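Undergrad: So I've got this file, final_11.pdb, and it contains PDB, C-alpha atoms, pLDDT in the B column:
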```pdb
ATOM      1  CA  MET A   1       3.582 -17.457 -20.412  1.00 44.00           C
ATOM      2  CA  THR A   2       0.441 -16.020 -18.762  1.00 50.00           C
ATOM      3  CA  ALA A   3       0.139 -19.007 -16.432  1.00 52.00           C
ATOM      4  CA  THR A   4       3.746 -18.527 -15.346  1.00 73.00           C
ATOM      5  CA  ILE A   5       3.451 -14.846 -14.487  1.00 79.00           C
ATOM      6  CA  ASN A   6      -0.066 -15.098 -13.047  1.00 84.00           C
ATOM      7  CA  SER A   7       0.846 -16.796  -9.771  1.00 89.00           C
ATOM      8  CA  LEU A   8       1.247 -15.845  -6.121  1.00 91.00           C
ATOM      9  CA  ARG A   9       4.967 -16.594  -6.336  1.00 93.00           C
ATOM     10  CA  SER A  10       5.579 -14.395  -9.381  1.00 93.00           C
ATOM     11  CA  GLY A  11       3.726 -11.496  -7.760  1.00 93.00           C
ATOM     12  CA  ALA A  12       5.811 -11.796  -4.584  1.00 94.00           C
ATOM     13  CA  CYS A  13       9.003 -11.987  -6.661  1.00 95.00           C
ATOM     14  CA  TRP A  14       8.157  -8.761  -8.490  1.00 95.00           C
ATOM     15  CA  PHE A  15       7.622  -7.031  -5.158  1.00 96.00           C
ATOM     16  CA  LEU A  16      11.046  -8.217  -3.947  1.00 95.00           C
ATOM     17  CA  ARG A  17      12.641  -6.970  -7.179  1.00 95.00           C
ATOM     18  CA  GLY A  18      11.665  -3.484  -6.120  1.00 95.00           C
ATOM     19  CA  PHE A  19      14.425  -3.478  -3.487  1.00 95.00           C
ATOM     20  CA  ARG A  20      17.043  -3.769  -6.243  1.00 94.00           C
ATOM     21  CA  LEU A  21      15.306  -1.513  -8.728  1.00 95.00           C
ATOM     22  CA  VAL A  22      15.174   1.521  -6.417  1.00 93.00           C
ATOM     23  CA  MET A  23      18.987   1.473  -6.447  1.00 92.00           C
ATOM     24  CA  ALA A  24      19.270   1.249 -10.235  1.00 91.00           C
ATOM     25  CA  PRO A  25      20.940   4.060 -12.235  1.00 87.00           C
ATOM     26  CA  GLY A  26      18.417   6.714 -13.218  1.00 86.00           C
ATOM     27  CA  VAL A  27      15.939   5.533 -10.578  1.00 90.00           C
ATOM     28  CA  LYS A  28      17.599   6.472  -7.272  1.00 87.00           C
ATOM     29  CA  ARG A  29      16.939  10.193  -7.649  1.00 86.00           C
ATOM     30  CA  TYR A  30      13.181   9.553  -7.751  1.00 87.00           C
ATOM     31  CA  VAL A  31      13.240   7.610  -4.476  1.00 87.00           C
ATOM     32  CA  ALA A  32      14.303  10.390  -2.100  1.00 84.00           C
ATOM     33  CA  ALA A  33      11.029  12.388  -2.053  1.00 81.00           C
ATOM     34  CA  PRO A  34       8.601   9.506  -1.337  1.00 79.00           C
ATOM     35  CA  LEU A  35      11.075   8.006   1.132  1.00 80.00           C
ATOM     36  CA  VAL A  36      11.368  11.252   3.121  1.00 82.00           C
ATOM     37  CA  ILE A  37       7.584  11.737   3.038  1.00 78.00           C
ATOM     38  CA  ASN A  38       7.040   8.200   4.286  1.00 74.00           C
ATOM     39  CA  VAL A  39       9.553   8.516   7.139  1.00 77.00           C
ATOM     40  CA  LEU A  40       8.226  11.889   8.306  1.00 80.00           C
ATOM     41  CA  LEU A  41       4.591  10.780   8.210  1.00 74.00           C
ATOM     42  CA  PHE A  42       5.250   7.475   9.943  1.00 72.00           C
ATOM     43  CA  ALA A  43       7.346   9.160  12.627  1.00 75.00           C
ATOM     44  CA  GLY A  44       4.762  11.892  13.171  1.00 76.00           C
ATOM     45  CA  VAL A  45       1.804   9.532  13.303  1.00 70.00           C
ATOM     46  CA  LEU A  46       3.613   7.108  15.612  1.00 69.00           C
ATOM     47  CA  LEU A  47       4.685   9.870  17.998  1.00 75.00           C
ATOM     48  CA  THR A  48       1.246  11.489  18.129  1.00 75.00           C
ATOM     49  CA  GLY A  49      -0.612   8.178  18.215  1.00 67.00           C
ATOM     50  CA  GLY A  50       1.720   6.681  20.805  1.00 68.00           C
ATOM     51  CA  MET A  51       1.085   9.591  23.162  1.00 76.00           C
ATOM     52  CA  ALA A  52      -2.665   9.267  22.620  1.00 71.00           C
ATOM     53  CA  VAL A  53      -2.570   5.533  23.376  1.00 66.00           C
ATOM     54  CA  TYR A  54      -0.526   6.165  26.511  1.00 71.00           C
ATOM     55  CA  GLU A  55      -3.062   8.728  27.739  1.00 74.00           C
ATOM     56  CA  LEU A  56      -5.910   6.323  26.948  1.00 67.00           C
ATOM     57  CA  ILE A  57      -4.331   3.541  28.976  1.00 66.00           C
ATOM     58  CA  LEU A  58      -3.750   5.892  31.914  1.00 71.00           C
ATOM     59  CA  TRP A  59      -7.406   6.936  31.734  1.00 69.00           C
ATOM     60  CA  LEU A  60      -8.551   3.317  31.686  1.00 62.00           C
ATOM     61  CA  GLN A  61      -6.347   2.491  34.636  1.00 63.00           C
ATOM     62  CA  SER A  62      -7.762   5.374  36.651  1.00 69.00           C
ATOM     63  CA  GLY A  63     -11.285   3.975  36.348  1.00 62.00           C
ATOM     64  CA  VAL A  64     -10.425   0.390  37.299  1.00 58.00           C
ATOM     65  CA  PRO A  65     -10.758  -0.850  40.915  1.00 63.00           C
ATOM     66  CA  ALA A  66      -7.426  -1.425  42.659  1.00 65.00           C
ATOM     67  CA  TRP A  67      -7.888  -5.166  42.755  1.00 62.00           C
ATOM     68  CA  LEU A  68      -8.243  -5.263  38.932  1.00 59.00           C
ATOM     69  CA  GLU A  69      -5.213  -3.099  38.111  1.00 61.00           C
ATOM     70  CA  TRP A  70      -3.192  -6.183  37.229  1.00 64.00           C
ATOM     71  CA  LEU A  71      -5.645  -6.818  34.361  1.00 62.00           C
ATOM     72  CA  THR A  72      -4.885  -3.451  32.743  1.00 61.00           C
ATOM     73  CA  TRP A  73      -1.217  -4.382  32.525  1.00 65.00           C
ATOM     74  CA  LEU A  74      -2.174  -7.510  30.595  1.00 64.00           C
ATOM     75  CA  LEU A  75      -4.062  -5.295  28.154  1.00 61.00           C
ATOM     76  CA  TRP A  76      -1.037  -3.100  27.439  1.00 64.00           C
ATOM     77  CA  PRO A  77       0.429  -5.378  24.736  1.00 69.00           C
ATOM     78  CA  LEU A  78      -2.966  -5.701  23.034  1.00 63.00           C
ATOM     79  CA  TYR A  79      -3.498  -1.948  23.032  1.00 60.00           C
ATOM     80  CA  ILE A  80      -0.022  -1.340  21.652  1.00 63.00           C
ATOM     81  CA  ILE A  81      -0.307  -3.969  18.894  1.00 62.00           C
ATOM     82  CA  ALA A  82      -3.767  -2.777  17.835  1.00 59.00           C
ATOM     83  CA  ALA A  83      -2.662   0.857  17.893  1.00 58.00           C
ATOM     84  CA  LEU A  84       0.455   0.153  15.838  1.00 60.00           C
ATOM     85  CA  LEU A  85      -1.552  -1.701  13.190  1.00 59.00           C
ATOM     86  CA  VAL A  86      -4.052   1.132  12.903  1.00 60.00           C
ATOM     87  CA  LEU A  87      -1.366   3.812  12.941  1.00 60.00           C
ATOM     88  CA  PHE A  88       0.771   2.094  10.307  1.00 62.00           C
ATOM     89  CA  TYR A  89      -2.262   1.659   8.078  1.00 62.00           C
ATOM     90  CA  VAL A  90      -3.382   5.279   8.462  1.00 64.00           C
ATOM     91  CA  ALA A  91       0.162   6.513   7.876  1.00 66.00           C
ATOM     92  CA  SER A  92       0.383   4.383   4.722  1.00 68.00           C
ATOM     93  CA  LEU A  93      -2.855   5.839   3.344  1.00 69.00           C
ATOM     94  CA  VAL A  94      -1.787   9.415   4.064  1.00 71.00           C
ATOM     95  CA  ALA A  95       1.696   8.814   2.652  1.00 72.00           C
ATOM     96  CA  ASN A  96       0.233   7.428  -0.570  1.00 72.00           C
ATOM     97  CA  VAL A  97      -1.902  10.558  -1.035  1.00 73.00           C
ATOM     98  CA  VAL A  98       0.905  13.014  -0.240  1.00 75.00           C
ATOM     99  CA  ALA A  99       3.514  11.164  -2.302  1.00 76.00           C
ATOM    100  CA  ALA A 100       1.159  10.472  -5.234  1.00 75.00           C
ATOM    101  CA  PRO A 101       2.714  13.109  -7.567  1.00 78.00           C
ATOM    102  CA  PHE A 102       6.131  11.439  -7.192  1.00 83.00           C
ATOM    103  CA  MET A 103       4.974   7.890  -7.893  1.00 85.00           C
ATOM    104  CA  GLY A 104       4.351   8.280 -11.624  1.00 86.00           C
ATOM    105  CA  PRO A 105       7.859   9.608 -12.372  1.00 87.00           C
ATOM    106  CA  LEU A 106       9.384   6.859 -10.198  1.00 91.00           C
ATOM    107  CA  ALA A 107       7.457   4.149 -12.058  1.00 91.00           C
ATOM    108  CA  ALA A 108       8.428   5.747 -15.387  1.00 90.00           C
ATOM    109  CA  ALA A 109      12.112   5.780 -14.411  1.00 91.00           C
ATOM    110  CA  VAL A 110      11.940   2.063 -13.570  1.00 94.00           C
ATOM    111  CA  GLU A 111      10.261   1.293 -16.886  1.00 91.00           C
ATOM    112  CA  ALA A 112      12.875   3.342 -18.746  1.00 90.00           C
ATOM    113  CA  HIS A 113      15.599   1.392 -16.922  1.00 91.00           C
ATOM    114  CA  LEU A 114      14.028  -1.945 -17.905  1.00 90.00           C
ATOM    115  CA  SER A 115      12.867  -1.222 -21.455  1.00 86.00           C
ATOM    116  CA  GLY A 116      14.951   1.755 -22.524  1.00 83.00           C
ATOM    117  CA  LYS A 117      11.950   4.046 -23.103  1.00 82.00           C
ATOM    118  CA  LEU A 118       9.504   6.091 -21.069  1.00 78.00           C
ATOM    119  CA  PRO A 119       5.784   5.225 -20.974  1.00 80.00           C
ATOM    120  CA  PRO A 120       3.404   7.433 -23.009  1.00 71.00           C
ATOM    121  CA  LYS A 121       2.211   9.663 -20.159  1.00 64.00           C
ATOM    122  CA  GLN A 122       5.601  10.488 -18.680  1.00 58.00           C
ATOM    123  CA  GLN A 123       8.372  12.696 -19.956  1.00 52.00           C
ATOM    124  CA  ARG A 124      11.199  14.263 -18.043  1.00 46.00           C
ATOM    125  CA  GLY A 125      10.481  17.856 -17.131  1.00 49.00           C
ATOM    126  CA  LYS A 126       8.960  19.969 -14.382  1.00 46.00           C
ATOM    127  CA  LEU A 127       5.976  21.167 -16.422  1.00 44.00           C
ATOM    128  CA  LEU A 128       4.588  17.671 -16.982  1.00 52.00           C
ATOM    129  CA  PHE A 129       5.210  16.782 -13.351  1.00 52.00           C
ATOM    130  CA  LEU A 130       3.146  19.760 -12.183  1.00 51.00           C
ATOM    131  CA  ARG A 131       0.394  19.009 -14.684  1.00 55.00           C
ATOM    132  CA  ASN A 132       0.108  15.414 -13.483  1.00 57.00           C
ATOM    133  CA  ALA A 133       0.317  16.210  -9.759  1.00 56.00           C
ATOM    134  CA  LEU A 134      -3.355  17.110  -9.233  1.00 60.00           C
ATOM    135  CA  PRO A 135      -4.765  14.115 -11.190  1.00 62.00           C
ATOM    136  CA  ALA A 136      -2.478  11.817  -9.183  1.00 61.00           C
ATOM    137  CA  VAL A 137      -3.826  13.140  -5.883  1.00 62.00           C
ATOM    138  CA  ILE A 138      -7.424  12.923  -7.164  1.00 67.00           C
ATOM    139  CA  SER A 139      -6.774   9.311  -8.171  1.00 67.00           C
ATOM    140  CA  GLU A 140      -5.606   8.548  -4.624  1.00 66.00           C
ATOM    141  CA  ILE A 141      -8.761  10.075  -3.167  1.00 71.00           C
ATOM    142  CA  TYR A 142     -10.848   8.022  -5.600  1.00 71.00           C
ATOM    143  CA  LYS A 143      -9.085   4.891  -4.378  1.00 72.00           C
ATOM    144  CA  LEU A 144      -9.877   5.805  -0.766  1.00 71.00           C
ATOM    145  CA  VAL A 145     -13.572   6.038  -1.675  1.00 76.00           C
ATOM    146  CA  TYR A 146     -13.334   2.678  -3.450  1.00 74.00           C
ATOM    147  CA  PHE A 147     -11.657   1.193  -0.388  1.00 74.00           C
ATOM    148  CA  ALA A 148     -14.344   2.525   1.978  1.00 73.00           C
ATOM    149  CA  ALA A 149     -17.163   1.230  -0.225  1.00 75.00           C
ATOM    150  CA  CYS A 150     -15.662  -2.280  -0.240  1.00 72.00           C
ATOM    151  CA  ALA A 151     -14.394  -2.298   3.346  1.00 70.00           C
ATOM    152  CA  LEU A 152     -17.675  -1.469   5.091  1.00 74.00           C
ATOM    153  CA  PRO A 153     -19.484  -4.689   4.018  1.00 75.00           C
ATOM    154  CA  LEU A 154     -16.432  -6.729   5.049  1.00 71.00           C
ATOM    155  CA  LEU A 155     -16.382  -5.077   8.469  1.00 69.00           C
ATOM    156  CA  LEU A 156     -20.041  -6.027   8.963  1.00 73.00           C
ATOM    157  CA  LEU A 157     -19.090  -9.688   8.538  1.00 70.00           C
ATOM    158  CA  PHE A 158     -17.194  -9.501  11.836  1.00 64.00           C
ATOM    159  CA  VAL A 159     -20.476  -9.133  13.747  1.00 66.00           C
ATOM    160  CA  ILE A 160     -22.536 -11.734  11.846  1.00 72.00           C
ATOM    161  CA  PRO A 161     -22.500 -15.117  13.629  1.00 70.00           C
ATOM    162  CA  GLY A 162     -21.092 -17.908  11.466  1.00 65.00           C
ATOM    163  CA  LEU A 163     -19.756 -15.585   8.774  1.00 66.00           C
ATOM    164  CA  ASN A 164     -17.475 -13.840  11.246  1.00 64.00           C
ATOM    165  CA  ALA A 165     -15.225 -16.921  11.166  1.00 65.00           C
ATOM    166  CA  LEU A 166     -14.376 -16.080   7.536  1.00 69.00           C
ATOM    167  CA  ALA A 167     -14.069 -12.332   8.097  1.00 68.00           C
ATOM    168  CA  PRO A 168     -10.348 -12.255   9.077  1.00 70.00           C
ATOM    169  CA  LEU A 169      -9.300 -14.255   6.000  1.00 75.00           C
ATOM    170  CA  LEU A 170     -11.457 -12.168   3.674  1.00 77.00           C
ATOM    171  CA  TRP A 171     -10.065  -8.994   5.233  1.00 76.00           C
ATOM    172  CA  LEU A 172      -6.479 -10.144   4.649  1.00 80.00           C
ATOM    173  CA  LEU A 173      -7.253 -10.969   1.015  1.00 84.00           C
ATOM    174  CA  PHE A 174      -8.979  -7.635   0.543  1.00 83.00           C
ATOM    175  CA  GLY A 175      -6.004  -5.819   2.078  1.00 82.00           C
ATOM    176  CA  ALA A 176      -3.594  -7.588  -0.287  1.00 87.00           C
ATOM    177  CA  TRP A 177      -5.818  -6.757  -3.267  1.00 89.00           C
ATOM    178  CA  MET A 178      -6.051  -3.081  -2.307  1.00 85.00           C
ATOM    179  CA  LEU A 179      -2.289  -2.776  -1.874  1.00 87.00           C
ATOM    180  CA  ALA A 180      -1.765  -4.339  -5.293  1.00 91.00           C
ATOM    181  CA  ARG A 181      -4.185  -1.857  -6.846  1.00 89.00           C
ATOM    182  CA  GLU A 182      -2.518   0.979  -4.953  1.00 86.00           C
ATOM    183  CA  TYR A 183       1.008   0.239  -6.119  1.00 92.00           C
ATOM    184  CA  LEU A 184       0.082  -0.822  -9.653  1.00 93.00           C
ATOM    185  CA  ASP A 185      -1.790   2.421 -10.240  1.00 89.00           C
ATOM    186  CA  PRO A 186       1.275   4.614 -11.025  1.00 89.00           C
ATOM    187  CA  PRO A 187       2.803   2.352 -13.717  1.00 91.00           C
ATOM    188  CA  LEU A 188      -0.585   1.540 -15.253  1.00 90.00           C
ATOM    189  CA  GLY A 189      -1.621   5.200 -15.054  1.00 85.00           C
ATOM    190  CA  ASN A 190       1.509   6.081 -17.022  1.00 85.00           C
ATOM    191  CA  HIS A 191      -0.119   4.219 -19.904  1.00 84.00           C
ATOM    192  CA  ASP A 192      -3.248   6.419 -19.723  1.00 79.00           C
ATOM    193  CA  LEU A 193      -5.378   3.707 -18.135  1.00 81.00           C
ATOM    194  CA  SER A 194      -8.248   4.780 -15.897  1.00 77.00           C
ATOM    195  CA  PHE A 195      -8.899   3.224 -12.491  1.00 79.00           C
ATOM    196  CA  ARG A 196     -11.675   1.087 -14.008  1.00 80.00           C
ATOM    197  CA  GLN A 197      -9.486  -0.083 -16.901  1.00 83.00           C
ATOM    198  CA  GLN A 198      -6.759  -0.945 -14.431  1.00 86.00           C
ATOM    199  CA  GLY A 199      -9.219  -3.096 -12.477  1.00 85.00           C
ATOM    200  CA  SER A 200      -9.996  -5.120 -15.598  1.00 86.00           C
ATOM    201  CA  ILE A 201      -6.302  -5.689 -16.369  1.00 89.00           C
ATOM    202  CA  ILE A 202      -5.318  -6.500 -12.792  1.00 90.00           C
ATOM    203  CA  GLY A 203      -8.273  -8.894 -12.615  1.00 89.00           C
ATOM    204  CA  ARG A 204      -6.723 -10.957 -15.421  1.00 90.00           C
ATOM    205  CA  TYR A 205      -3.586 -11.255 -13.295  1.00 92.00           C
ATOM    206  CA  ARG A 206      -5.401 -11.614  -9.973  1.00 91.00           C
ATOM    207  CA  TRP A 207      -3.107 -14.283  -8.526  1.00 94.00           C
ATOM    208  CA  ALA A 208       0.029 -12.294  -9.267  1.00 94.00           C
ATOM    209  CA  ALA A 209      -1.672  -9.203  -7.848  1.00 94.00           C
ATOM    210  CA  LEU A 210      -2.595 -11.050  -4.639  1.00 94.00           C
ATOM    211  CA  GLY A 211       0.962 -12.379  -4.329  1.00 95.00           C
ATOM    212  CA  PHE A 212       2.333  -8.876  -4.802  1.00 96.00           C
ATOM    213  CA  GLY A 213      -0.121  -7.321  -2.351  1.00 93.00           C
ATOM    214  CA  GLY A 214       0.402 -10.112   0.172  1.00 92.00           C
ATOM    215  CA  ALA A 215       4.172  -9.601   0.143  1.00 94.00           C
ATOM    216  CA  ALA A 216       3.664  -5.850   0.535  1.00 91.00           C
ATOM    217  CA  SER A 217       1.278  -6.447   3.466  1.00 86.00           C
ATOM    218  CA  ILE A 218       3.841  -8.574   5.279  1.00 88.00           C
ATOM    219  CA  ALA A 219       6.631  -6.062   4.619  1.00 89.00           C
ATOM    220  CA  ASN A 220       4.462  -3.227   5.957  1.00 80.00           C
ATOM    221  CA  THR A 221       4.282  -4.936   9.352  1.00 77.00           C
ATOM    222  CA  VAL A 222       8.079  -5.033   9.791  1.00 81.00           C
ATOM    223  CA  PRO A 223       9.317  -2.035  11.825  1.00 74.00           C
ATOM    224  CA  LEU A 224      11.798   0.241   9.986  1.00 76.00           C
ATOM    225  CA  LEU A 225      11.394  -1.787   6.793  1.00 82.00           C
ATOM    226  CA  ASN A 226       7.920  -0.306   6.322  1.00 77.00           C
ATOM    227  CA  PHE A 227       9.464   3.161   5.993  1.00 77.00           C
ATOM    228  CA  CYS A 228      10.820   2.305   2.536  1.00 83.00           C
ATOM    229  CA  ILE A 229       7.988   0.109   1.244  1.00 86.00           C
ATOM    230  CA  LEU A 230       6.258   2.848  -0.767  1.00 87.00           C
ATOM    231  CA  PRO A 231       9.029   3.464  -3.353  1.00 90.00           C
ATOM    232  CA  VAL A 232      10.071  -0.206  -3.305  1.00 93.00           C
ATOM    233  CA  ALA A 233       6.533  -1.414  -4.034  1.00 94.00           C
ATOM    234  CA  VAL A 234       6.000   1.113  -6.845  1.00 94.00           C
ATOM    235  CA  ALA A 235       9.318   0.052  -8.411  1.00 95.00           C
ATOM    236  CA  GLY A 236       8.323  -3.611  -8.180  1.00 96.00           C
ATOM    237  CA  ALA A 237       4.897  -2.832  -9.624  1.00 96.00           C
ATOM    238  CA  ALA A 238       6.516  -1.041 -12.575  1.00 95.00           C
ATOM    239  CA  ALA A 239       8.552  -4.187 -13.267  1.00 94.00           C
ATOM    240  CA  MET A 240       5.403  -6.300 -13.035  1.00 94.00           C
ATOM    241  CA  VAL A 241       3.652  -4.095 -15.595  1.00 92.00           C
ATOM    242  CA  ASN A 242       6.658  -3.893 -17.907  1.00 89.00           C
ATOM    243  CA  GLU A 243       7.785  -7.516 -17.767  1.00 87.00           C
ATOM    244  CA  GLY A 244       4.428  -9.190 -17.143  1.00 82.00           C
ATOM    245  CA  MET A 245       1.408  -7.290 -18.345  1.00 79.00           C
ATOM    246  CA  LEU A 246       3.126  -5.360 -21.132  1.00 67.00           C
ATOM    247  CA  ALA A 247       5.073  -8.427 -22.218  1.00 64.00           C
ATOM    248  CA  GLU A 248       1.763 -10.244 -22.671  1.00 58.00           C
ATOM    249  CA  LYS A 249       0.461  -7.284 -24.695  1.00 52.00           C
ATOM    250  CA  GLU A 250      -2.647  -7.116 -22.533  1.00 47.00           C
ATOM    251  CA  LEU A 251      -2.596  -3.357 -22.099  1.00 45.00           C
ATOM    252  CA  THR A 252      -4.907  -1.316 -24.246  1.00 45.00           C
ATOM    253  CA  ALA A 253      -5.162   2.419 -24.486  1.00 43.00           C
TER     254      ALA A 253
END
```
Can the structure in the file be given as structure tokens, please?
TA:
Amino acid sequence: MTATINSLRSGACWFLRGFRLVMAPGVKRYVAAPLVINVLLFAGVLLTGGMAVYELILWLQSGVPAWLEWLTWLLWPLYIIAALLVLFYVASLVANVVAAPFMGPLAAAVEAHLSGKLPPKQQRGKLLFLRNALPAVISEIYKLVYFAACALPLLLLFVIPGLNALAPLLWLLFGAWMLAREYLDPPLGNHDLSFRQQGSIIGRYRWAALGFGGAASIANTVPLLNFCILPVAVAGAAAMVNEGMLAEKELTA
């Protein structure tokens, strides 16, 4: 069974299942908060960033000789595409930190829907939610540090002749891996697994994780659709843990 679930296709399929799971009975009420947070942050970052990019382009145009002004108009699409990619990525990171306290309960609701029982760390009730809020945010900050430590060496590859040809592919793979770790953290954390323990488990299902993260990466580039990816991806990740990793009995306390 491991070979079947540990594939790019199975990982992508679990991500797509998240679209149905967020509408399941007992799950929908946990979707509103992260969805609103995501929409507000994306809208705010896009509005602020879009104005900044517009001002930057005007500044660049003011310093270009008249006979080269036509070149600045060719650069507009490149500036806009690059800015959107950066803004969407920054907004995603911020949204994950702000919405972190809501992700554990959402993942627990999905697991309860699929298996009929809540995971060990989650119970319904405000007190437990408040007690888990701070550790969830700290976990997100820890993941940002992990991301920075891994991303810097990859960024250096872009300026090394010869190796820079591989840099874009490696960056895409790294991005898919990080998204998988990001969205699998809430359901795995509900089983009292530390970030390091999660890495060991996800490593055993690396192909499924890359398929999941790759599908999430593609979805995050689609305008409007990316607003709802956060709860959808966490729901899909909860199904992956419950039906894949837990079904294989690979989780350990």
Undergrad: Between atom CA of Pro231 of chain A and atom CA of Ala148 of chain A, measure the distance and give it in Å to one decimal.
TA: 24.0 Å
Undergrad: Just the residues within 10 Å of segment 210-214 of chain A, please, counting all atoms listed in the file, with nothing from its chain fewer than 2 positions along; format it as a PyMOL selection string.
TA: chain A and resi 6-16+172-184+202+205-208+216-220+233+236-237+240
Undergrad: For a quick check of understanding, using all atoms listed in the file, which of A:Val232, A:Leu106, A:Leu154, A:Ala24 has the smallest distance to Leu118 of chain A?
TA: A:Leu106
Undergrad: Please write as a list of chain:residue names the full residue list that the PyMOL selection byres ((chain A and resi 113) around 8) yields on this file.
TA: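 After applying the PyMOL selection byres ((chain A and resi 113) around 8), what remains is A:Ala24, A:Pro25, A:Gly26, A:Val27, A:Ala109, A:Val110, A:Glu111, A:Ala112, A:Leu114, A:Ser115, A:Gly116, A:Lys117.
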Undergrad: Go ahead and dump the residues you just picked, C-alpha atoms, as a PDB file, keeping the file's coordinate frame.
TA:
```pdb
ATOM      1  CA  ALA A  24      19.270   1.249 -10.235  1.00 91.00           C
ATOM      2  CA  PRO A  25      20.940   4.060 -12.235  1.00 87.00           C
ATOM      3  CA  GLY A  26      18.417   6.714 -13.218  1.00 86.00           C
ATOM      4  CA  VAL A  27      15.939   5.533 -10.578  1.00 90.00           C
ATOM      5  CA  ALA A 109      12.112   5.780 -14.411  1.00 91.00           C
ATOM      6  CA  VAL A 110      11.940   2.063 -13.570  1.00 94.00           C
ATOM      7  CA  GLU A 111      10.261   1.293 -16.886  1.00 91.00           C
ATOM      8  CA  ALA A 112      12.875   3.342 -18.746  1.00 90.00           C
ATOM      9  CA  LEU A 114      14.028  -1.945 -17.905  1.00 90.00           C
ATOM     10  CA  SER A 115      12.867  -1.222 -21.455  1.00 86.00           C
ATOM     11  CA  GLY A 116      14.951   1.755 -22.524  1.00 83.00           C
ATOM     12  CA  LYS A 117      11.950   4.046 -23.103  1.00 82.00           C
TER      13      LYS A 117
END
```
Undergrad: Give the centre and edge lengths of an axis-aligned box, in Å to one decimal, that holds all listed atoms of segment 14-28 of chain A with 8 Å on each side, as AutoDock Vina command-line options.
TA:
```
--center_x 14.3 --center_y -1.0 --center_z -8.4 --size_x 29.3 --size_y 31.5 --size_z 25.7
```
Undergrad: Go through A:Tyr142, A:Pro186, A:Leu41, A:Gly18 one by one, measure the shortest atom-to-atom distance of each to Ala100 of chain A using all atoms listed in the file, and give the residue with the smallest value.
TA: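 Result for the nearest residue to Ala100 of chain A: A:Pro186.
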Undergrad: Between atom CA of Leu58 of chain A and atom CA of Phe42 of chain A, what distance in Å does the model show, to one decimal?
TA: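 It comes out at 23.8 Å.
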Undergrad: Go through A:Met103, A:Ala95, A:Ile229, A:Ala238 one by one, measure the shortest atom-to-atom distance of each to Ala43 of chain A using all atoms listed in the file, and give the residue with the smallest value.
TA: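 That would be A:Ala95, the residue with the smallest distance to Ala43 of chain A.
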Undergrad: How many Å lie between atom CA of Gly104 of chain A and atom CA of Asp185 of chain A, rounded to one decimal?
TA: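 Spanning atom CA of Gly104 of chain A to atom CA of Asp185 of chain A is a straight-line distance of 8.6 Å.
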